file protein_29.txt (compact mmCIF, C-alpha atoms)
# COMPACT_ATOMS: atom_id res chain seq x y z
CA MET V 1 131.18 152.18 97.62
CA GLN V 2 128.74 152.31 100.52
CA GLN V 3 126.48 155.33 100.30
CA PRO V 4 126.37 157.53 103.40
CA ASP V 5 123.35 159.06 105.07
CA VAL V 6 122.78 162.73 104.36
CA THR V 7 123.79 164.72 107.44
CA LEU V 8 125.22 168.12 108.26
CA GLU V 9 128.63 166.43 108.36
CA THR V 10 128.32 164.94 104.86
CA ILE V 11 127.10 168.30 103.55
CA ARG V 12 130.13 170.00 105.09
CA GLY V 13 132.27 167.29 103.51
CA ALA V 14 130.69 168.04 100.15
CA ARG V 15 131.55 171.68 100.58
CA GLU V 16 135.22 170.78 101.05
CA ARG V 17 135.18 168.38 98.09
CA ILE V 18 133.70 170.88 95.62
CA ALA V 19 135.63 173.93 96.88
CA GLY V 20 137.34 175.62 93.95
CA ARG V 21 135.20 173.69 91.48
CA ILE V 22 131.95 175.62 91.93
CA ARG V 23 131.07 179.23 92.71
CA ARG V 24 129.84 180.84 95.89
CA THR V 25 126.76 182.57 94.54
CA PRO V 26 125.45 185.99 95.60
CA VAL V 27 122.37 186.82 97.65
CA LEU V 28 120.25 189.66 96.24
CA GLU V 29 117.46 191.83 97.62
CA SER V 30 114.88 194.06 95.97
CA GLN V 31 113.14 196.85 97.87
CA THR V 32 110.22 196.64 95.44
CA LEU V 33 109.74 192.90 95.98
CA ASN V 34 110.14 193.35 99.74
CA LEU V 35 107.38 195.96 99.82
CA LEU V 36 105.10 193.81 97.70
CA ALA V 37 105.61 190.80 99.98
CA GLU V 38 105.60 192.85 103.21
CA ALA V 39 108.70 190.84 104.12
CA ARG V 40 112.48 190.78 103.67
CA LEU V 41 113.29 188.46 100.76
CA TYR V 42 116.82 187.15 100.24
CA PHE V 43 117.34 185.51 96.84
CA LYS V 44 120.18 182.96 96.65
CA CYS V 45 121.18 183.25 93.00
CA GLU V 46 122.21 179.84 91.72
CA ASN V 47 121.58 181.11 88.21
CA PHE V 48 125.13 182.50 88.57
CA GLN V 49 126.48 179.03 89.38
CA GLU V 50 128.71 177.00 87.04
CA VAL V 51 126.55 175.62 84.18
CA GLY V 52 123.98 178.24 85.17
CA ALA V 53 122.28 176.12 87.84
CA PHE V 54 122.60 174.68 91.35
CA LYS V 55 123.02 171.22 89.83
CA ALA V 56 126.76 171.87 89.53
CA ARG V 57 127.07 171.37 93.28
CA GLY V 58 125.56 167.91 93.55
CA ALA V 59 126.96 166.57 90.29
CA THR V 60 130.49 167.75 91.10
CA ASN V 61 130.33 166.24 94.58
CA ALA V 62 129.06 162.91 93.23
CA VAL V 63 131.60 162.64 90.40
CA PHE V 64 134.55 163.62 92.58
CA ALA V 65 133.45 161.19 95.33
CA LEU V 66 133.98 158.27 92.92
CA SER V 67 137.36 156.61 92.47
CA ALA V 68 139.30 156.53 89.21
CA ALA V 69 138.48 152.82 88.90
CA GLN V 70 134.76 153.49 89.26
CA LEU V 71 134.96 156.17 86.57
CA SER V 72 137.10 154.24 84.10
CA ARG V 73 134.18 153.87 81.66
CA GLY V 74 132.74 157.35 82.24
CA VAL V 75 129.42 158.42 83.74
CA VAL V 76 125.76 158.21 82.73
CA THR V 77 122.75 160.20 83.85
CA HIS V 78 119.29 161.26 82.72
CA SER V 79 118.19 164.86 82.91
CA SER V 80 115.92 167.55 81.55
CA GLY V 81 119.06 169.65 81.12
CA ASN V 82 120.75 171.28 84.08
CA HIS V 83 121.88 168.11 85.86
CA GLY V 84 123.07 166.75 82.53
CA ALA V 85 125.21 169.80 81.90
CA ALA V 86 126.55 169.62 85.44
CA VAL V 87 127.52 165.95 85.10
CA ALA V 88 129.11 166.63 81.71
CA ARG V 89 131.14 169.48 83.21
CA ALA V 90 132.26 167.42 86.22
CA ALA V 91 133.20 164.54 83.91
CA SER V 92 135.27 166.88 81.76
CA LEU V 93 137.14 168.04 84.86
CA ARG V 94 138.05 164.41 85.51
CA GLY V 95 138.79 163.66 81.86
CA ILE V 96 136.12 161.00 81.34
CA PRO V 97 133.17 160.64 78.93
CA ALA V 98 129.62 161.57 79.95
CA TYR V 99 126.47 160.02 78.43
CA ILE V 100 123.42 162.20 79.05
CA VAL V 101 119.91 160.84 78.40
CA MET V 102 117.49 163.71 77.74
CA PRO V 103 113.82 163.91 76.69
CA GLU V 104 113.27 164.82 73.06
CA ASN V 105 111.30 167.93 74.08
CA SER V 106 114.21 169.38 76.07
CA SER V 107 114.91 173.09 75.77
CA PRO V 108 117.33 173.82 72.91
CA ALA V 109 119.33 175.99 75.32
CA LYS V 110 119.77 173.05 77.69
CA LEU V 111 120.68 170.63 74.91
CA GLN V 112 123.31 173.10 73.75
CA ALA V 113 124.63 173.48 77.29
CA VAL V 114 125.09 169.72 77.75
CA ARG V 115 126.90 169.38 74.44
CA GLY V 116 128.96 172.48 75.16
CA HIS V 117 130.36 170.79 78.27
CA GLY V 118 131.30 167.70 76.27
CA GLY V 119 128.32 165.50 77.07
CA GLN V 120 127.07 162.96 74.55
CA VAL V 121 123.30 163.51 74.32
CA LEU V 122 120.97 160.54 73.87
CA LEU V 123 117.35 161.53 73.23
CA CYS V 124 114.35 159.58 74.48
CA ALA V 125 110.59 159.91 74.85
CA PRO V 126 109.53 162.68 77.29
CA THR V 127 108.59 160.43 80.20
CA LEU V 128 110.46 159.52 83.36
CA ALA V 129 110.09 155.81 82.56
CA ALA V 130 111.73 156.31 79.16
CA ARG V 131 114.59 158.27 80.69
CA GLU V 132 115.26 155.63 83.32
CA ALA V 133 115.06 152.76 80.83
CA MET V 134 117.50 154.34 78.37
CA ALA V 135 119.94 155.29 81.13
CA ALA V 136 119.90 151.70 82.42
CA ARG V 137 120.56 150.43 78.91
CA VAL V 138 123.53 152.79 78.46
CA VAL V 139 125.00 151.66 81.79
CA ALA V 140 124.68 148.02 80.69
CA GLU V 141 126.26 148.71 77.29
CA THR V 142 129.13 150.97 78.40
CA GLY V 143 129.88 149.99 81.97
CA ALA V 144 129.81 153.67 82.91
CA ALA V 145 128.89 154.75 86.46
CA PHE V 146 125.36 156.06 86.94
CA VAL V 147 124.92 159.42 88.69
CA HIS V 148 121.27 159.84 89.59
CA PRO V 149 119.91 163.40 89.21
CA TYR V 150 118.59 163.42 92.78
CA ASP V 151 118.37 159.95 94.37
CA ASP V 152 122.01 159.93 95.46
CA PRO V 153 123.33 161.00 98.88
CA TYR V 154 126.37 162.69 97.32
CA VAL V 155 124.15 164.70 94.97
CA ILE V 156 121.84 165.62 97.84
CA ALA V 157 124.76 166.64 100.07
CA GLY V 158 126.16 168.82 97.30
CA GLN V 159 122.86 170.64 96.94
CA GLY V 160 122.76 171.15 100.71
CA THR V 161 125.84 173.38 100.51
CA ILE V 162 123.49 176.13 99.30
CA ALA V 163 121.99 176.34 102.79
CA LEU V 164 125.44 176.53 104.40
CA GLU V 165 126.31 179.59 102.31
CA LEU V 166 122.94 181.29 102.66
CA LEU V 167 122.79 180.92 106.44
CA GLU V 168 126.33 182.23 106.78
CA GLU V 169 125.18 185.45 105.13
CA GLN V 170 121.69 185.56 106.64
CA PRO V 171 121.76 183.49 109.87
CA ASP V 172 118.42 184.80 111.18
CA LEU V 173 116.11 183.56 108.41
CA ASP V 174 112.58 182.64 109.45
CA TRP V 175 111.68 180.84 106.22
CA LEU V 176 113.59 179.07 103.45
CA LEU V 177 111.76 178.35 100.18
CA CYS V 178 112.99 176.18 97.33
CA PRO V 179 111.51 174.35 94.35
CA VAL V 180 110.91 170.59 94.47
CA GLY V 181 110.98 168.16 91.58
CA GLY V 182 112.88 164.99 92.35
CA GLY V 183 113.59 166.31 95.83
CA GLY V 184 117.38 166.35 95.93
CA LEU V 185 117.59 170.11 96.43
CA ALA V 186 114.80 170.29 99.00
CA SER V 187 116.28 167.35 100.91
CA GLY V 188 119.81 168.71 101.09
CA ILE V 189 118.76 172.23 101.96
CA ALA V 190 116.35 171.04 104.65
CA VAL V 191 118.90 168.73 106.32
CA ALA V 192 121.50 171.50 106.51
CA ALA V 193 119.16 174.34 107.45
CA LYS V 194 117.33 172.44 110.19
CA ALA V 195 120.64 171.33 111.71
CA LEU V 196 121.97 174.88 111.77
CA ARG V 197 118.71 176.67 112.65
CA PRO V 198 116.04 174.31 114.02
CA SER V 199 113.39 177.05 114.20
CA ILE V 200 113.55 177.86 110.47
CA ARG V 201 110.47 176.92 108.43
CA ILE V 202 111.37 175.01 105.25
CA VAL V 203 108.80 174.99 102.44
CA ALA V 204 109.18 173.15 99.14
CA VAL V 205 107.18 174.55 96.23
CA GLU V 206 106.11 172.79 93.03
CA PRO V 207 103.83 173.44 90.05
CA ALA V 208 100.21 172.34 90.44
CA GLY V 209 100.63 170.42 87.18
CA ALA V 210 103.42 168.31 88.71
CA ASP V 211 102.16 167.91 92.24
CA ASP V 212 103.46 164.49 93.27
CA ALA V 213 105.47 165.95 96.17
CA ARG V 214 102.46 167.75 97.62
CA ARG V 215 100.22 164.69 97.30
CA SER V 216 102.89 162.45 98.80
CA PHE V 217 103.57 164.85 101.67
CA VAL V 218 99.90 165.16 102.59
CA SER V 219 99.05 161.47 102.29
CA GLY V 220 102.27 160.07 103.71
CA VAL V 221 102.41 157.67 100.76
CA LEU V 222 104.85 158.16 97.89
CA SER V 223 103.00 158.84 94.63
CA ARG V 224 104.12 159.77 91.13
CA CYS V 225 102.92 162.14 88.44
CA GLU V 226 103.35 160.13 85.26
CA GLN V 227 102.62 162.99 82.84
CA PRO V 228 103.56 166.27 84.54
CA MET V 229 102.32 169.35 82.72
CA THR V 230 104.27 172.49 83.56
CA ILE V 231 106.45 175.14 82.02
CA ALA V 232 108.93 174.45 84.85
CA ASP V 233 110.75 171.66 83.00
CA GLY V 234 113.30 171.15 85.76
CA LEU V 235 110.52 170.11 88.17
CA ARG V 236 108.95 167.32 86.16
CA GLY V 237 110.83 164.61 88.03
CA ALA V 238 109.24 162.52 90.79
CA LEU V 239 110.35 162.04 94.39
CA SER V 240 112.34 158.90 95.19
CA PRO V 241 111.89 156.90 98.41
CA ARG V 242 115.10 158.48 99.72
CA THR V 243 114.15 162.09 99.01
CA PHE V 244 110.56 161.51 100.17
CA GLU V 245 111.79 160.26 103.54
CA LEU V 246 114.19 163.20 103.97
CA ILE V 247 111.45 165.67 103.04
CA ARG V 248 109.01 164.06 105.48
CA ARG V 249 111.59 164.38 108.26
CA HIS V 250 112.94 167.86 107.59
CA VAL V 251 110.52 169.91 105.42
CA ASP V 252 107.64 171.74 107.10
CA ASP V 253 105.28 172.01 104.14
CA VAL V 254 104.93 171.49 100.40
CA VAL V 255 102.73 173.91 98.44
CA THR V 256 101.78 174.25 94.79
CA VAL V 257 101.52 177.24 92.46
CA SER V 258 99.75 177.88 89.16
CA GLU V 259 101.33 178.15 85.72
CA SER V 260 100.23 181.78 85.46
CA GLY V 261 101.80 182.42 88.85
CA ILE V 262 105.10 180.89 87.73
CA ILE V 263 105.18 183.10 84.63
CA ALA V 264 104.30 186.22 86.63
CA ALA V 265 106.98 185.42 89.19
CA MET V 266 109.60 184.76 86.51
CA ARG V 267 108.83 188.06 84.84
CA ALA V 268 108.91 189.97 88.14
CA LEU V 269 112.33 188.53 88.98
CA TRP V 270 113.68 189.53 85.57
CA GLN V 271 112.29 193.04 85.93
CA GLN V 272 113.15 193.75 89.57
CA LEU V 273 116.37 191.81 90.18
CA LYS V 274 117.65 192.44 86.64
CA ILE V 275 118.73 188.81 86.26
CA VAL V 276 117.85 185.89 83.99
CA VAL V 277 116.07 183.04 85.79
CA GLU V 278 114.28 180.05 84.31
CA ALA V 279 110.72 179.03 85.10
CA SER V 280 111.72 176.41 87.67
CA SER V 281 113.64 179.09 89.57
CA ALA V 282 110.57 181.28 89.81
CA VAL V 283 108.39 178.63 91.45
CA PRO V 284 109.22 179.43 95.11
CA TYR V 285 108.77 183.16 94.59
CA ALA V 286 105.42 182.38 92.93
CA ALA V 287 104.27 180.99 96.29
CA VAL V 288 104.94 184.42 97.82
CA LEU V 289 103.37 186.26 94.90
CA GLU V 290 100.22 184.10 94.99
CA ARG V 291 100.02 184.45 98.80
CA ARG V 292 100.25 180.70 99.30
CA LEU V 293 102.30 181.46 102.43
CA ASP V 294 101.89 184.15 105.06
CA VAL V 295 105.43 185.52 105.26
CA ARG V 296 104.49 189.07 106.27
CA GLY V 297 107.10 190.60 108.56
CA ALA V 298 109.45 187.64 108.14
CA ARG V 299 112.97 187.15 106.78
CA VAL V 300 112.66 184.76 103.85
CA GLY V 301 115.39 182.98 101.94
CA ILE V 302 114.44 181.96 98.38
CA VAL V 303 116.62 179.72 96.22
CA LEU V 304 116.73 180.72 92.56
CA THR V 305 117.89 177.47 91.06
CA GLY V 306 119.03 178.34 87.53
CA GLY V 307 119.01 180.65 84.57
CA ASN V 308 119.20 178.49 81.46
CA VAL V 309 116.48 179.94 79.26
CA ASP V 310 115.68 179.70 75.57
CA LEU V 311 115.40 183.42 74.84
CA ASP V 312 113.39 182.76 71.67
CA THR V 313 110.51 181.23 73.62
CA LEU V 314 110.00 183.41 76.67
CA PRO V 315 106.68 182.44 78.28
CA TRP V 316 105.16 185.91 78.54
CA PHE V 317 105.51 186.31 74.78
CA ARG V 318 103.67 183.02 74.24
CA ALA V 319 101.01 184.02 76.75
CA ALA V 320 100.51 187.33 74.95
CA ASP V 321 100.02 185.51 71.65
CA ARG V 322 97.19 183.36 72.96

call {"tool": "encode", "arguments": {"input": "protein_29.txt", "output": "structure tokens"}}
result
Amino acid sequence: MQQPDVTLETIRGARERIAGRIRRTPVLESQTLNLLAEARLYFKCENFQEVGAFKARGATNAVFALSAAQLSRGVVTHSSGNHGAAVARAASLRGIPAYIVMPENSSPAKLQAVRGHGGQVLLCAPTLAAREAMAARVVAETGAAFVHPYDDPYVIAGQGTIALELLEEQPDLDWLLCPVGGGGLASGIAVAAKALRPSIRIVAVEPAGADDARRSFVSGVLSRCEQPMTIADGLRGALSPRTFELIRRHVDDVVTVSESGIIAAMRALWQQLKIVVEASSAVPYAAVLERRLDVRGARVGIVLTGGNVDLDTLPWFRAADR
């Protein structure tokens, strides 16, 4: 099947394809966080999404875009957790097996989530190269279809449906902030948002310990971070040529935040919004908290990407122990 470009039309098509199979997630505000930021912050809560993360959108679109013949041997992917759970869930909806390659240091909560949706977990060394190699081997051995966690136009288009929903509720946003790891989310959101509101400023945010997107964006040359070091496990992936090109065309800036900033932002969101978000979700709000962006007086959309947390290892407890 020929892969399409990612456009507003393909994102709208994704919305139709996944309708009834994913949730329209709420947008929350906090007066306390608004006052602290001196701005109006609108949090798009994908932690309330199916499988507890935005990944349900892209994975569902990709799996349901494939024909029955293409899926006859099942699907394969590699993931730190959320995409794996999303692919496993989409596969279960189509009645096919799902093989999920995951790093051996994956969060127990995310391993449980993948298995809970019927995915067969295959553990590998905690490097991107190891994940890719094992996934390729499983494809060769099983004949299953590979669904990339971000370097896939159907996955990217599915993630872009977040922007469609958010801008329907808040059409006058000045800024839209989201995390960036492999770049599928940032790419899809930026394509949709810029098409609907050309004046909006799109900023992708990543941990300083996994800063390949920032370095690539500044230099104009795609680079990788072979050993990313960050609590935000969902952002340890590297940009692909496809997502890098989309980000260069549609994203206004990429900024980084500190590990302490991520933890502080995560804790603030728990306390003020009264919701569970994981570290990767807190990364874009950390950019506001650390004043990496001047959003004073602006209307700012912030995508909270997921809420799959191991409650036995909350980071502020670990920080307090050190």

call {"tool": "residues_around", "arguments": {"input": "protein_29.txt", "residues": "range 222-235 of chain V", "least_positions_apart": "6", "cutoff": "10 Å", "atoms": "all atoms listed in the file", "output": "MDAnalysis selection string"}}
result
chainID V and resid 79:83 105:107 126:129 179:183 205:216 241 244:245 258:260 262:263 278:283 305:306 315

call {"tool": "closest_residue", "arguments": {"input": "protein_29.txt", "among": "V:Asp5, V:Val147, V:Leu35, V:Tyr99", "to": "Val63 in chain V", "atoms": "all atoms listed in the file"}}
result
V:Val147

call {"tool": "residues_around", "arguments": {"input": "protein_29.txt", "residues": "range 111-115 of chain V", "least_positions_apart": "5", "cutoff": "12 Å", "atoms": "only C-alpha atoms", "output": "ChimeraX atom specification"}}
result
/V:50-53,77-92,97-106,120-123,307-310

call {"tool": "residues_near_point", "arguments": {"input": "protein_29.txt", "point": "(128.3, 155.5, 84.0)", "cutoff": "8 Å", "atoms": "all atoms listed in the file", "output": "MDAnalysis selection string"}}
result
chainID V and resid 71 73:77 98:99 138:139 142:147

call {"tool": "atom_distance", "arguments": {"input": "protein_29.txt", "atom1": "CA of Arg291 in chain V", "atom2": "CA of Phe317 in chain V"}}
result
24.7 Å

call {"tool": "closest_residue", "arguments": {"input": "protein_29.txt", "among": "V:Asn47, V:Glu169, V:Ala125, V:Gly20", "to": "Leu304 in chain V", "atoms": "only C-alpha atoms"}}
result
V:Asn47

call {"tool": "atom_distance", "arguments": {"input": "protein_29.txt", "atom1": "CA of Ser199 in chain V", "atom2": "CA of Ala37 in chain V"}}
result
21.3 Å

call {"tool": "build_atoms", "arguments": {"input": "protein_29.txt", "residues": "range 6-31 of chain V", "atoms": "N, CA and C atoms", "output": "PDB file, in the coordinates of the input"}}
result
ATOM      1  N   VAL V   6     122.601 161.300 104.582  1.00  0.00           N
ATOM      2  CA  VAL V   6     122.780 162.730 104.360  1.00  0.00           C
ATOM      3  C   VAL V   6     122.657 163.430 105.716  1.00  0.00           C
ATOM      4  N   THR V   7     123.740 164.039 106.158  1.00  0.00           N
ATOM      5  CA  THR V   7     123.790 164.720 107.440  1.00  0.00           C
ATOM      6  C   THR V   7     124.497 166.051 107.268  1.00  0.00           C
ATOM      7  N   LEU V   8     124.469 166.866 108.302  1.00  0.00           N
ATOM      8  CA  LEU V   8     125.220 168.120 108.260  1.00  0.00           C
ATOM      9  C   LEU V   8     126.697 167.837 107.999  1.00  0.00           C
ATOM     10  N   GLU V   9     127.219 166.758 108.548  1.00  0.00           N
ATOM     11  CA  GLU V   9     128.630 166.430 108.360  1.00  0.00           C
ATOM     12  C   GLU V   9     128.935 166.064 106.905  1.00  0.00           C
ATOM     13  N   THR V  10     128.055 165.284 106.255  1.00  0.00           N
ATOM     14  CA  THR V  10     128.320 164.940 104.860  1.00  0.00           C
ATOM     15  C   THR V  10     128.151 166.156 103.951  1.00  0.00           C
ATOM     16  N   ILE V  11     127.271 167.069 104.327  1.00  0.00           N
ATOM     17  CA  ILE V  11     127.100 168.300 103.550  1.00  0.00           C
ATOM     18  C   ILE V  11     128.344 169.180 103.697  1.00  0.00           C
ATOM     19  N   ARG V  12     128.877 169.261 104.903  1.00  0.00           N
ATOM     20  CA  ARG V  12     130.130 170.000 105.090  1.00  0.00           C
ATOM     21  C   ARG V  12     131.279 169.329 104.334  1.00  0.00           C
ATOM     22  N   GLY V  13     131.267 168.004 104.295  1.00  0.00           N
ATOM     23  CA  GLY V  13     132.270 167.290 103.510  1.00  0.00           C
ATOM     24  C   GLY V  13     132.145 167.584 102.027  1.00  0.00           C
ATOM     25  N   ALA V  14     130.915 167.684 101.560  1.00  0.00           N
ATOM     26  CA  ALA V  14     130.690 168.040 100.150  1.00  0.00           C
ATOM     27  C   ALA V  14     131.239 169.418  99.850  1.00  0.00           C
ATOM     28  N   ARG V  15     131.038 170.327 100.784  1.00  0.00           N
ATOM     29  CA  ARG V  15     131.550 171.680 100.580  1.00  0.00           C
ATOM     30  C   ARG V  15     133.071 171.665 100.396  1.00  0.00           C
ATOM     31  N   GLU V  16     133.764 170.879 101.197  1.00  0.00           N
ATOM     32  CA  GLU V  16     135.220 170.780 101.050  1.00  0.00           C
ATOM     33  C   GLU V  16     135.595 170.133  99.717  1.00  0.00           C
ATOM     34  N   ARG V  17     134.847 169.105  99.313  1.00  0.00           N
ATOM     35  CA  ARG V  17     135.180 168.380  98.090  1.00  0.00           C
ATOM     36  C   ARG V  17     135.001 169.250  96.847  1.00  0.00           C
ATOM     37  N   ILE V  18     133.972 170.096  96.835  1.00  0.00           N
ATOM     38  CA  ILE V  18     133.700 170.880  95.620  1.00  0.00           C
ATOM     39  C   ILE V  18     134.326 172.273  95.668  1.00  0.00           C
ATOM     40  N   ALA V  19     134.993 172.600  96.761  1.00  0.00           N
ATOM     41  CA  ALA V  19     135.630 173.930  96.880  1.00  0.00           C
ATOM     42  C   ALA V  19     136.598 174.138  95.715  1.00  0.00           C
ATOM     43  N   GLY V  20     136.492 175.300  95.089  1.00  0.00           N
ATOM     44  CA  GLY V  20     137.340 175.620  93.950  1.00  0.00           C
ATOM     45  C   GLY V  20     136.820 175.089  92.638  1.00  0.00           C
ATOM     46  N   ARG V  21     135.772 174.271  92.700  1.00  0.00           N
ATOM     47  CA  ARG V  21     135.200 173.690  91.480  1.00  0.00           C
ATOM     48  C   ARG V  21     133.811 174.238  91.183  1.00  0.00           C
ATOM     49  N   ILE V  22     133.230 174.946  92.145  1.00  0.00           N
ATOM     50  CA  ILE V  22     131.950 175.620  91.930  1.00  0.00           C
ATOM     51  C   ILE V  22     132.072 177.050  92.468  1.00  0.00           C
ATOM     52  N   ARG V  23     131.046 177.842  92.262  1.00  0.00           N
ATOM     53  CA  ARG V  23     131.070 179.230  92.710  1.00  0.00           C
ATOM     54  C   ARG V  23     130.249 179.426  93.981  1.00  0.00           C
ATOM     55  N   ARG V  24     130.699 180.350  94.812  1.00  0.00           N
ATOM     56  CA  ARG V  24     129.840 180.840  95.890  1.00  0.00           C
ATOM     57  C   ARG V  24     128.954 181.907  95.274  1.00  0.00           C
ATOM     58  N   THR V  25     127.665 181.687  95.266  1.00  0.00           N
ATOM     59  CA  THR V  25     126.760 182.570  94.540  1.00  0.00           C
ATOM     60  C   THR V  25     126.253 183.698  95.428  1.00  0.00           C
ATOM     61  N   PRO V  26     125.884 184.828  94.819  1.00  0.00           N
ATOM     62  CA  PRO V  26     125.450 185.990  95.600  1.00  0.00           C
ATOM     63  C   PRO V  26     124.029 185.858  96.124  1.00  0.00           C
ATOM     64  N   VAL V  27     123.717 186.688  97.108  1.00  0.00           N
ATOM     65  CA  VAL V  27     122.370 186.820  97.650  1.00  0.00           C
ATOM     66  C   VAL V  27     121.891 188.239  97.345  1.00  0.00           C
ATOM     67  N   LEU V  28     120.758 188.356  96.662  1.00  0.00           N
ATOM     68  CA  LEU V  28     120.250 189.660  96.240  1.00  0.00           C
ATOM     69  C   LEU V  28     118.943 190.001  96.951  1.00  0.00           C
ATOM     70  N   GLU V  29     118.708 191.297  97.074  1.00  0.00           N
ATOM     71  CA  GLU V  29     117.460 191.830  97.620  1.00  0.00           C
ATOM     72  C   GLU V  29     116.871 192.834  96.649  1.00  0.00           C
ATOM     73  N   SER V  30     115.571 193.032  96.743  1.00  0.00           N
ATOM     74  CA  SER V  30     114.880 194.060  95.970  1.00  0.00           C
ATOM     75  C   SER V  30     113.904 194.774  96.889  1.00  0.00           C
ATOM     76  N   GLN V  31     114.059 196.087  97.022  1.00  0.00           N
ATOM     77  CA  GLN V  31     113.140 196.850  97.870  1.00  0.00           C
ATOM     78  C   GLN V  31     111.715 196.743  97.343  1.00  0.00           C
TER      79      GLN V  31
END
